[in-house]
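data_30.txt (compact mmCIF, C-alpha atoms) appears below.
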```txt
# COMPACT_ATOMS: atom_id res chain seq x y z
CA MET Z 2 56.57 156.95 148.15
CA GLY Z 3 57.04 160.46 146.80
CA VAL Z 4 53.97 162.42 145.76
CA THR Z 5 53.24 165.99 144.75
CA VAL Z 6 50.40 167.79 146.47
CA ASP Z 7 49.48 171.29 145.37
CA GLY Z 8 52.91 171.64 143.83
CA LYS Z 9 54.79 170.51 146.94
CA GLU Z 10 56.82 167.34 147.25
CA VAL Z 11 55.61 165.09 150.03
CA ALA Z 12 57.05 161.79 151.23
CA LEU Z 13 54.34 159.34 152.23
CA PHE Z 14 55.01 156.25 154.34
CA ASN Z 15 52.95 153.27 155.42
CA VAL Z 16 54.51 152.00 158.62
CA GLU Z 17 52.79 148.83 159.77
CA GLY Z 18 49.45 150.05 158.53
CA ARG Z 19 49.70 153.62 159.73
CA TYR Z 20 50.31 156.41 157.22
CA TYR Z 21 52.72 159.29 157.76
CA ALA Z 22 53.47 162.23 155.47
CA VAL Z 23 56.34 164.69 155.72
CA GLY Z 24 57.97 167.23 153.41
CA GLY Z 25 59.69 165.47 150.55
CA ARG Z 26 63.12 167.12 150.74
CA CYS Z 27 65.71 167.12 153.48
CA PRO Z 28 66.62 170.69 154.54
CA HIS Z 29 70.31 169.77 154.51
CA ARG Z 30 71.10 168.98 150.86
CA SER Z 31 67.59 168.37 149.48
CA GLY Z 32 67.86 164.60 149.68
CA PRO Z 33 64.65 162.80 148.63
CA LEU Z 34 63.17 161.57 151.90
CA ALA Z 35 60.82 159.20 150.07
CA LYS Z 36 63.93 157.19 149.14
CA GLY Z 37 65.13 156.97 152.73
CA LYS Z 38 64.87 154.12 155.18
CA VAL Z 39 62.34 154.01 157.98
CA GLU Z 40 63.92 153.33 161.36
CA ARG Z 41 62.64 153.11 164.90
CA VAL Z 42 63.93 155.60 167.45
CA GLU Z 43 62.70 154.98 170.97
CA GLY Z 44 59.81 153.07 169.45
CA LYS Z 45 58.76 155.87 167.11
CA PRO Z 46 59.14 155.67 163.33
CA ALA Z 47 61.68 158.00 161.75
CA ILE Z 48 62.95 158.49 158.23
CA ARG Z 49 66.66 158.69 157.45
CA CYS Z 50 67.65 160.87 154.50
CA PRO Z 51 69.45 158.69 151.94
CA LEU Z 52 72.06 161.34 151.14
CA HIS Z 53 73.72 162.23 154.42
CA GLY Z 54 71.77 160.51 157.14
CA TRP Z 55 69.72 163.25 158.74
CA LEU Z 56 66.95 161.58 160.70
CA PHE Z 57 63.39 162.91 161.03
CA GLU Z 58 60.64 161.76 163.33
CA LEU Z 59 57.75 160.86 161.04
CA GLU Z 60 55.02 161.98 163.38
CA THR Z 61 56.34 165.50 163.94
CA GLY Z 62 58.93 166.08 161.18
CA ARG Z 63 61.44 167.03 163.89
CA CYS Z 64 65.07 166.36 162.99
CA LEU Z 65 66.63 164.00 165.51
CA THR Z 66 70.23 164.50 164.34
CA ARG Z 67 70.30 168.28 164.16
CA PRO Z 68 68.39 170.17 166.84
CA GLY Z 69 66.23 172.92 165.47
CA ALA Z 70 65.91 171.49 161.98
CA GLY Z 71 62.85 169.76 160.63
CA VAL Z 72 60.46 169.16 157.78
CA PRO Z 73 56.72 169.82 157.68
CA SER Z 74 54.55 166.93 158.81
CA TYR Z 75 51.03 166.41 157.54
CA PRO Z 76 48.08 164.79 159.23
CA VAL Z 77 46.97 161.87 157.06
CA GLU Z 78 43.47 160.52 156.75
CA CYS Z 79 42.67 157.33 154.88
CA ARG Z 80 39.20 157.11 153.46
CA GLU Z 81 37.54 154.75 151.01
CA ASP Z 82 37.99 157.32 148.26
CA GLY Z 83 41.68 157.95 148.88
CA VAL Z 84 44.37 159.25 151.18
CA PHE Z 85 44.01 162.86 152.27
CA LEU Z 86 46.52 165.24 153.79
CA GLY Z 87 45.70 168.05 156.14
CA ALA Z 88 47.51 171.36 156.52
CA PRO Z 89 51.13 170.83 157.55
CA HIS Z 90 52.57 171.24 161.01
CA GLY Z 91 56.03 172.71 161.38
CA GLU Z 92 55.67 175.20 158.56
CA VAL Z 93 54.90 178.80 159.33
CA SER Z 94 54.50 180.20 155.87
CA GLY Z 95 53.53 179.21 152.39
CA PRO Z 96 50.35 177.85 150.87
CA SER Z 97 48.65 174.87 152.41
CA PRO Z 98 49.42 171.71 150.48
CA SER Z 99 46.28 169.99 151.70
CA GLY Z 100 44.75 167.77 149.11
CA GLN Z 101 43.89 164.33 147.91
CA ILE Z 102 46.65 161.94 146.93
CA GLY Z 103 44.73 159.17 145.34
CA MET V 4 83.88 150.80 129.49
CA ASP V 5 84.84 151.84 126.04
CA LEU V 6 87.03 154.95 126.29
CA ASP V 7 85.41 156.53 123.24
CA LYS V 8 82.05 156.22 124.96
CA ALA V 9 83.47 157.83 128.10
CA ALA V 10 85.01 160.65 126.06
CA GLY V 11 81.73 161.26 124.22
CA LEU V 12 79.78 161.45 127.46
CA ILE V 13 82.32 163.82 128.99
CA GLU V 14 82.01 166.07 125.96
CA SER V 15 78.22 166.19 125.97
CA GLU V 16 77.92 166.53 129.75
CA TYR V 17 80.54 169.27 129.82
CA GLN V 18 78.54 171.15 127.19
CA PHE V 19 75.47 170.86 129.45
CA PHE V 20 77.58 171.99 132.42
CA THR V 21 78.76 175.11 130.56
CA ARG V 22 75.22 175.88 129.34
CA VAL V 23 74.01 176.11 132.93
CA HIS V 24 76.96 178.30 133.99
CA PRO V 25 74.73 180.93 135.70
CA LYS V 26 73.38 178.24 138.03
CA TRP V 27 76.76 177.44 139.57
CA SER V 28 79.10 180.38 138.95
CA LEU V 29 79.85 182.99 141.61
CA THR V 30 80.55 185.42 138.78
CA LYS V 31 76.78 185.40 138.14
CA GLY V 32 75.51 185.91 141.68
CA PRO V 33 75.09 184.22 145.07
CA GLN V 34 75.47 180.45 145.05
CA ASP V 35 75.45 177.32 147.15
CA MET V 36 79.14 176.94 147.97
CA GLU V 37 79.18 173.15 147.86
CA LEU V 38 77.88 173.33 144.32
CA VAL V 39 80.51 175.96 143.46
CA ALA V 40 83.30 173.72 144.79
CA HIS V 41 81.95 170.73 142.86
CA ALA V 42 81.85 172.85 139.70
CA LEU V 43 85.39 174.14 140.19
CA ARG V 44 86.60 170.55 140.47
CA VAL V 45 85.06 169.85 137.06
CA ILE V 46 86.85 172.87 135.62
CA LEU V 47 90.12 171.71 137.12
CA HIS V 48 89.86 168.13 135.90
CA MET V 49 88.72 169.23 132.46
CA GLY V 50 92.00 171.14 132.15
CA LYS V 51 90.17 174.48 132.10
CA ALA V 52 91.53 176.10 135.26
CA GLY V 53 94.03 178.15 133.29
CA GLU V 54 91.25 179.93 131.44
CA SER V 55 88.93 180.27 134.44
CA LEU V 56 90.72 182.79 136.68
CA PRO V 57 87.54 184.89 137.23
CA GLU V 58 85.81 181.87 138.80
CA TYR V 59 88.61 181.45 141.35
CA LEU V 60 88.87 185.19 142.05
CA ALA V 61 85.13 185.22 142.70
CA LEU V 62 85.67 182.42 145.20
CA ILE V 63 88.27 184.49 147.02
CA LYS V 64 85.82 187.38 147.28
CA THR V 65 83.42 185.21 149.28
CA GLN V 66 86.08 184.10 151.78
CA HIS V 67 85.45 185.34 155.33
CA ALA V 68 87.96 187.23 157.48
CA ASP V 69 88.57 184.06 159.53
CA GLY V 70 89.65 182.25 156.34
CA GLY V 71 86.58 180.05 155.98
CA TRP V 72 83.52 180.06 153.75
CA GLY V 73 79.80 179.81 154.48
CA ARG V 74 77.50 177.15 153.11
CA GLU V 75 75.91 179.82 150.97
CA SER V 76 78.06 182.56 149.46
CA GLN V 77 76.18 185.22 151.42
CA GLU V 78 76.19 183.34 154.72
CA LYS V 79 78.37 185.05 157.34
CA GLU V 80 79.27 182.02 159.44
CA SER V 81 82.10 179.77 158.24
CA ALA V 82 81.56 176.02 158.02
CA ALA V 83 84.40 173.50 158.07
CA TRP V 84 83.24 170.99 155.45
CA VAL V 85 82.65 173.44 152.63
CA SER V 86 85.62 175.63 153.63
CA ALA V 87 87.97 172.69 153.14
CA PHE V 88 86.51 171.97 149.72
CA CYS V 89 87.01 175.62 148.71
CA GLY V 90 90.59 175.78 150.01
CA LEU V 91 91.36 172.56 148.22
CA MET V 92 90.08 173.89 144.91
CA LEU V 93 92.17 177.04 145.28
CA ILE V 94 95.48 175.37 146.06
CA ARG V 95 95.01 172.86 143.27
CA ALA V 96 93.99 175.45 140.68
CA ASN V 97 96.89 177.64 141.67
CA THR V 98 99.38 175.04 140.48
CA VAL V 99 98.15 176.19 137.06
CA LEU V 100 97.16 179.80 137.71
CA LYS V 101 100.09 180.80 139.96
CA ASP V 102 98.18 183.84 141.22
CA ALA V 103 99.44 185.76 144.28
CA GLU V 104 95.95 186.56 145.56
CA ILE V 105 94.98 182.92 145.43
CA GLU V 106 98.15 182.03 147.32
CA LYS V 107 97.17 184.49 150.07
CA SER V 108 93.69 183.05 150.20
CA VAL V 109 95.08 179.52 150.59
CA CYS V 110 97.22 180.73 153.52
CA LYS V 111 94.13 182.27 155.15
CA SER V 112 92.29 179.02 154.66
CA ILE V 113 95.12 177.10 156.31
CA ASP V 114 94.95 179.47 159.29
CA TYR V 115 91.21 178.86 159.56
CA PHE V 116 91.71 175.12 159.94
CA LEU V 117 94.64 175.45 162.32
CA ASN V 118 92.46 177.65 164.53
CA GLN V 119 89.40 175.42 164.35
CA GLN V 120 90.94 172.03 165.10
CA LYS V 121 89.89 170.40 168.37
CA GLU V 122 92.31 168.95 170.88
CA ASN V 123 91.81 165.34 169.74
CA GLY V 124 92.55 166.18 166.11
CA ARG V 125 89.02 166.43 164.77
CA TRP V 126 87.12 169.27 163.17
CA VAL V 127 83.39 169.80 163.63
CA ASP V 128 80.57 170.99 161.42
CA SER V 129 76.97 170.94 162.59
CA GLU V 130 75.78 169.48 159.28
CA TRP V 131 78.19 166.54 159.09
CA GLY V 132 79.51 163.80 161.31
CA ASP V 133 82.94 164.41 162.87
CA LEU V 134 84.69 161.74 160.78
CA ASP V 135 83.35 163.10 157.52
CA THR V 136 84.02 166.68 158.58
CA THR V 137 87.58 165.87 159.62
CA SER V 138 88.30 164.07 156.37
CA HIS V 139 87.95 167.32 154.44
CA PRO V 140 90.56 169.46 156.21
CA VAL V 141 92.84 166.42 156.20
CA SER V 142 92.25 166.13 152.46
CA PHE V 143 93.09 169.84 152.07
CA PHE V 144 96.23 169.40 154.17
CA ASN V 145 97.19 166.29 152.17
CA VAL V 146 97.31 168.51 149.13
CA VAL V 147 99.13 171.25 151.02
CA MET V 148 101.76 168.63 151.92
CA ALA V 149 101.97 167.54 148.27
CA LEU V 150 101.71 170.84 146.42
CA GLY V 151 102.20 173.65 148.94
CA SER V 152 105.24 175.78 149.73
CA GLN V 153 107.68 174.64 152.41
CA LYS V 154 106.26 177.29 154.73
CA MET V 155 102.75 175.92 154.26
CA LYS V 156 103.91 172.37 154.84
CA ASP V 157 105.68 173.32 158.05
CA ALA V 158 102.54 175.12 159.23
CA VAL V 159 100.15 172.20 158.72
CA ARG V 160 102.32 169.12 159.40
CA SER V 161 101.45 168.58 163.05
CA SER V 162 97.75 169.40 162.62
CA TRP V 163 97.53 167.19 159.53
CA ARG V 164 98.99 164.20 161.36
CA LYS V 165 96.64 164.70 164.33
CA GLY V 166 93.63 164.83 162.02
CA LEU V 167 94.76 161.75 160.17
CA ARG V 168 95.32 159.92 163.45
CA PHE V 169 91.74 160.76 164.51
CA ILE V 170 90.47 159.18 161.29
CA LEU V 171 92.68 156.11 161.49
CA ASP V 172 91.57 155.53 165.07
CA GLY V 173 87.96 155.68 163.91
CA GLN V 174 88.24 152.76 161.51
CA SER V 175 86.25 149.70 162.59
CA ALA V 176 87.73 146.23 162.75
CA ASP V 177 85.83 145.26 159.59
CA GLY V 178 87.56 148.04 157.61
CA GLY V 179 84.64 150.46 157.39
CA TRP V 180 84.11 153.84 159.01
CA TYR V 181 80.69 154.35 160.56
CA ASP V 182 78.94 157.38 161.92
CA PRO V 183 76.22 156.17 164.25
CA VAL V 184 74.35 159.46 163.96
CA PHE V 185 74.68 160.48 160.31
CA GLN V 186 75.80 157.38 158.40
CA PRO V 187 75.14 154.08 160.19
CA SER V 188 75.54 152.13 156.92
CA GLY V 189 79.08 153.51 156.59
CA VAL V 190 79.09 153.48 152.79
CA GLU V 191 79.57 157.17 152.11
CA THR V 192 81.77 157.77 155.15
CA THR V 193 84.12 154.92 154.25
CA ALA V 194 84.30 155.98 150.61
CA HIS V 195 85.06 159.58 151.60
CA LEU V 196 87.63 158.84 154.29
CA VAL V 197 89.76 156.32 152.52
CA GLN V 198 90.17 158.40 149.34
CA ASP V 199 90.16 161.91 150.80
CA SER V 200 92.23 161.38 153.90
CA VAL V 201 94.00 158.09 154.39
CA ILE V 202 95.48 156.89 151.10
CA ALA V 203 97.40 160.11 150.39
CA SER V 204 100.01 159.22 152.98
CA LEU V 205 101.30 156.53 150.63
CA SER V 206 102.62 159.23 148.30
CA ILE V 207 103.44 162.06 150.71
CA PRO V 208 106.63 162.19 152.76
CA ASP V 209 105.96 162.33 156.53
CA GLY V 210 102.70 160.43 156.22
CA LEU V 211 101.55 157.88 158.75
CA PRO V 212 101.63 154.15 157.93
CA VAL V 213 98.28 153.66 156.22
CA ARG V 214 98.59 150.70 153.86
CA PRO V 215 96.76 148.17 156.10
CA ALA V 216 93.93 150.64 156.71
CA CYS V 217 93.58 151.23 152.96
CA GLU V 218 93.61 147.52 152.15
CA LYS V 219 90.87 146.91 154.69
CA GLY V 220 88.93 149.92 153.43
CA LEU V 221 89.08 148.74 149.82
CA ARG V 222 87.95 145.25 150.81
CA TRP V 223 85.04 146.77 152.74
CA ILE V 224 83.95 148.93 149.81
CA LEU V 225 84.10 146.07 147.31
CA ALA V 226 82.21 143.76 149.68
CA HIS V 227 79.38 146.28 149.93
CA GLN V 228 78.79 146.71 146.19
CA ASP V 229 75.36 145.53 145.12
CA ALA V 230 74.95 142.93 142.37
CA ASP V 231 73.89 145.56 139.83
CA GLY V 232 77.12 147.54 140.33
CA SER V 233 75.72 150.31 142.54
CA TRP V 234 76.13 151.01 146.26
CA ASP V 235 73.64 151.90 148.99
CA GLU V 236 70.49 150.86 147.16
CA LYS V 237 71.01 152.68 143.89
CA ASN V 238 72.22 155.87 145.52
CA GLU V 239 73.98 157.72 142.69
CA ASP V 240 76.04 159.93 145.01
CA HIS V 241 77.31 157.05 147.11
CA THR V 242 77.92 154.88 144.05
CA MET V 243 80.05 157.65 142.56
CA ASP V 244 81.91 158.08 145.86
CA CYS V 245 82.64 154.35 146.11
CA THR V 246 83.67 154.14 142.46
CA ARG V 247 86.11 157.04 142.75
CA SER V 248 87.50 155.63 145.95
CA THR V 249 88.03 152.24 144.30
CA LEU V 250 89.73 153.85 141.29
CA LEU V 251 92.26 155.63 143.48
CA ILE V 252 92.86 153.01 146.15
CA SER V 253 93.20 150.13 143.71
CA LYS V 254 95.76 152.06 141.68
CA MET V 255 97.80 153.18 144.67
CA LEU V 256 97.79 149.72 146.22
CA GLY V 257 98.54 147.98 142.92
CA ALA V 258 95.24 146.10 143.19
CA GLU V 259 93.79 147.03 139.79
CA GLU V 260 93.09 143.47 138.73
CA LYS V 261 91.03 142.77 141.82
CA ALA V 262 89.09 146.01 141.33
CA ARG V 263 88.69 145.96 137.55
CA GLY V 264 85.44 143.95 137.50
CA PRO V 265 83.69 145.98 140.21
CA ILE V 266 84.86 149.26 138.63
CA GLU V 267 83.60 148.33 135.17
CA LYS V 268 80.27 147.22 136.62
CA ALA V 269 79.95 150.45 138.58
CA MET V 270 80.82 152.61 135.56
CA GLU V 271 78.23 150.80 133.46
CA TRP V 272 75.62 151.40 136.17
CA ILE V 273 76.54 155.09 136.41
CA VAL V 274 76.27 155.77 132.68
CA THR V 275 73.11 153.69 132.35
CA ASN V 276 71.37 155.44 135.23
CA LYS V 277 71.85 159.02 134.11
CA ASN V 278 69.33 161.41 132.61
CA PRO V 279 69.58 162.68 129.03
CA GLU V 280 71.40 165.64 130.57
CA GLY V 281 73.04 165.22 133.94
CA TRP V 282 72.66 162.80 136.81
CA PRO V 283 69.94 162.47 139.46
CA ASP V 284 70.25 161.51 143.14
CA PHE V 285 68.44 158.26 142.37
CA PRO V 286 67.50 156.70 139.02
CA GLY V 287 64.37 158.25 137.57
CA MET V 288 64.58 161.51 139.51
CA GLU V 289 65.27 164.95 138.08
CA THR V 290 68.85 166.06 137.34
CA ASN V 291 70.83 167.44 140.26
CA LEU V 292 73.63 169.77 139.17
CA GLU V 293 75.93 168.77 142.01
CA ARG V 294 75.47 165.11 141.08
CA THR V 295 76.19 166.03 137.48
CA CYS V 296 79.53 167.48 138.57
CA ASP V 297 80.19 164.21 140.41
CA GLY V 298 79.28 162.21 137.31
CA LEU V 299 81.70 164.18 135.17
CA ASP V 300 84.38 163.81 137.81
CA VAL V 301 83.94 160.03 137.91
CA LEU V 302 84.26 159.78 134.12
CA LEU V 303 87.40 161.95 134.12
CA LYS V 304 88.97 159.91 136.91
CA TYR V 305 88.05 156.69 135.15
CA GLN V 306 89.85 157.95 132.03
CA ALA V 307 92.90 158.65 134.16
CA TRP V 308 92.65 155.23 135.83
CA ARG V 309 92.91 153.64 132.37
CA GLN V 310 96.21 155.43 131.75
CA ALA V 311 99.41 153.42 131.72
CA ASP V 312 100.99 156.05 133.99
CA SER V 313 99.89 154.85 137.42
CA LYS V 314 100.21 158.37 138.86
CA GLU V 315 97.78 159.93 136.42
CA VAL V 316 94.71 159.06 138.48
CA VAL V 317 96.47 160.08 141.72
CA ARG V 318 97.07 163.54 140.22
CA ARG V 319 93.28 163.96 140.06
CA TRP V 320 93.33 164.09 143.85
CA GLY V 321 96.36 166.41 143.97
CA TYR V 322 98.46 163.93 145.92
CA VAL V 323 101.43 163.92 143.55
CA PRO V 324 104.05 166.61 144.12
CA GLY V 325 105.06 168.61 141.06
CA GLU V 326 103.23 169.97 138.06
CA PRO V 327 99.84 168.46 137.36
CA THR V 328 98.94 167.38 133.87
CA PHE V 329 95.14 167.59 133.86
CA LEU V 330 95.28 167.36 130.11
CA ARG V 331 92.28 165.60 128.78
CA GLY V 332 94.06 164.96 125.51
CA VAL V 333 96.59 162.83 127.33
CA ALA V 334 93.94 160.90 129.19
CA ALA V 335 91.72 160.34 126.17
CA GLY V 336 94.55 159.40 123.87
CA VAL V 337 95.30 156.01 125.39
```
Using structure tokens, write down the structure from this file.
Amino acid sequence: MGVTVDGKEVALFNVEGRYYAVGGRCPHRSGPLAKGKVERVEGKPAIRCPLHGWLFELETGRCLTRPGAGVPSYPVECREDGVFLGAPHGEVSGPSPSGQIG
Amino acid sequence: MDLDKAAGLIESEYQFFTRVHPKWSLTKGPQDMELVAHALRVILHMGKAGESLPEYLALIKTQHADGGWGRESQEKESAAWVSAFCGLMLIRANTVLKDAEIEKSVCKSIDYFLNQQKENGRWVDSEWGDLDTTSHPVSFFNVVMALGSQKMKDAVRSSWRKGLRFILDGQSADGGWYDPVFQPSGVETTAHLVQDSVIASLSIPDGLPVRPACEKGLRWILAHQDADGSWDEKNEDHTMDCTRSTLLISKMLGAEEKARGPIEKAMEWIVTNKNPEGWPDFPGMETNLERTCDGLDVLLKYQAWRQADSKEVVRRWGYVPGEPTFLRGVAAGV
């Protein structure tokens, strides 16, 4: 699902009970990653951009189809009072989008 | 779809498109070049190229010394996919504008692609799969072969045929084209390749035999349409690609009757799943200007597809030698 946290688009996934959160837009042509399909690459979950197929490892945000590209990935914590995101990995500048989703 | 409804939508969406001119025009500042090329295609198919010379001259100013263009107007490195789209818009617009500077720019663009082609006929672009990338220079060269000078045709003929051969060899037995890295589902790749590269050879002298490949491609596209009329799980971009491909291929193969139902269903889905102004990437999302250009282009091509003149829709791809019409009045009047 797509959510907005502190003004930033984030794509949140529940893969077999484990939550992953990455930046919401593909760096290629801004495809909405929340609309993409989750695939398994060498056993690890990855999200494929629905526009032109760029593939991102959900755990790290690393792009598997274009070396050097990537999206921020967020540590996710599920608590009784909601799902919380930590500060993103893979992003060197900009405000932290940490916050509660719901 | 009712043609009056299509004409009304074209009118209102074109008004929106012109209102946001600063967001896509190089005359207003740096731009995303894919968006610029999409916008110039709208201008062309709206019959407005003749009054838009500054837009095309601005495009020439962003061309690099090697003849290519960058993904962004200020980017120094040329990229094949977007360069082909830009070259294509220039050669097509120049059938109306007949400008010497544009002609020179088209020649530079041709040189770029002749220099960049790999031994096996393909072109590469780090942001796209090889099949999709190659389809764009082949598309540009299709139009060079249809509309270019004899000198241009002689320059590209061999390269064009090698590129087309690379694409034909990449077709799967089931009729689709797949890119295992970028497009495993094959929907967008198949829709791009069959309309942009392969089918043109049916109307261009010196083309390769492509009819069986096109028939298989059309069958594949129609078989992958979802029940609601869309393709690729309500993907607006891919639905528009598949619809345009079906419009062109069905007309050129004389298979309109077989395609009429799927086309009408697709058009209904496209006009139902738009925003009050423009089209999104997926239903319910915000408007994307590039998708809006695609939406307008689909409506204009659909109008042409409804024409009695079977070449009218083919002219919207630039595959018919001679003067283009691109007169909306003609298209809307039938």
Give as a PDB file with C-alpha atoms, keeping the file's coordinate frame every residue of chain Z that touches chain V within 8 Å, counting all atoms listed in the file.
```
ATOM      1  CA  HIS Z  29      70.310 169.770 154.510  1.00  0.00           C
ATOM      2  CA  GLY Z  32      67.860 164.600 149.680  1.00  0.00           C
ATOM      3  CA  PRO Z  33      64.650 162.800 148.630  1.00  0.00           C
ATOM      4  CA  PRO Z  51      69.450 158.690 151.940  1.00  0.00           C
ATOM      5  CA  LEU Z  52      72.060 161.340 151.140  1.00  0.00           C
ATOM      6  CA  HIS Z  53      73.720 162.230 154.420  1.00  0.00           C
ATOM      7  CA  GLY Z  54      71.770 160.510 157.140  1.00  0.00           C
ATOM      8  CA  TRP Z  55      69.720 163.250 158.740  1.00  0.00           C
ATOM      9  CA  LEU Z  56      66.950 161.580 160.700  1.00  0.00           C
ATOM     10  CA  THR Z  66      70.230 164.500 164.340  1.00  0.00           C
ATOM     11  CA  ARG Z  67      70.300 168.280 164.160  1.00  0.00           C
TER      12      ARG Z  67
END
```
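Using all atoms listed in the file, the smallest distance between any of Z:His90, Z:Arg80, Z:Lys45, Z:Lys38 and Ala22 of chain Z comes from Z:His90.
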So, with only C-alpha atoms as the atoms that count, which of V:Phe143, V:Ala83, V:Gly281, V:Val159 lies closest to Val23 of chain V?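 Ranked by minimum distance to Val23 of chain V, first place goes to V:Gly281.
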Which residue gives the smallest distance to Val23 of chain Z among Z:Gly83, Z:Arg41, Z:Gly69, Z:Ala35, with only C-alpha atoms counted? Z:Ala35
Taking only C-alpha atoms into account, name the residue in V:Trp223, V:Trp308, V:Phe144, V:Trp163 that is nearest to Gly178 of chain V.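 Under the stated criterion, the closest residue is V:Trp223.
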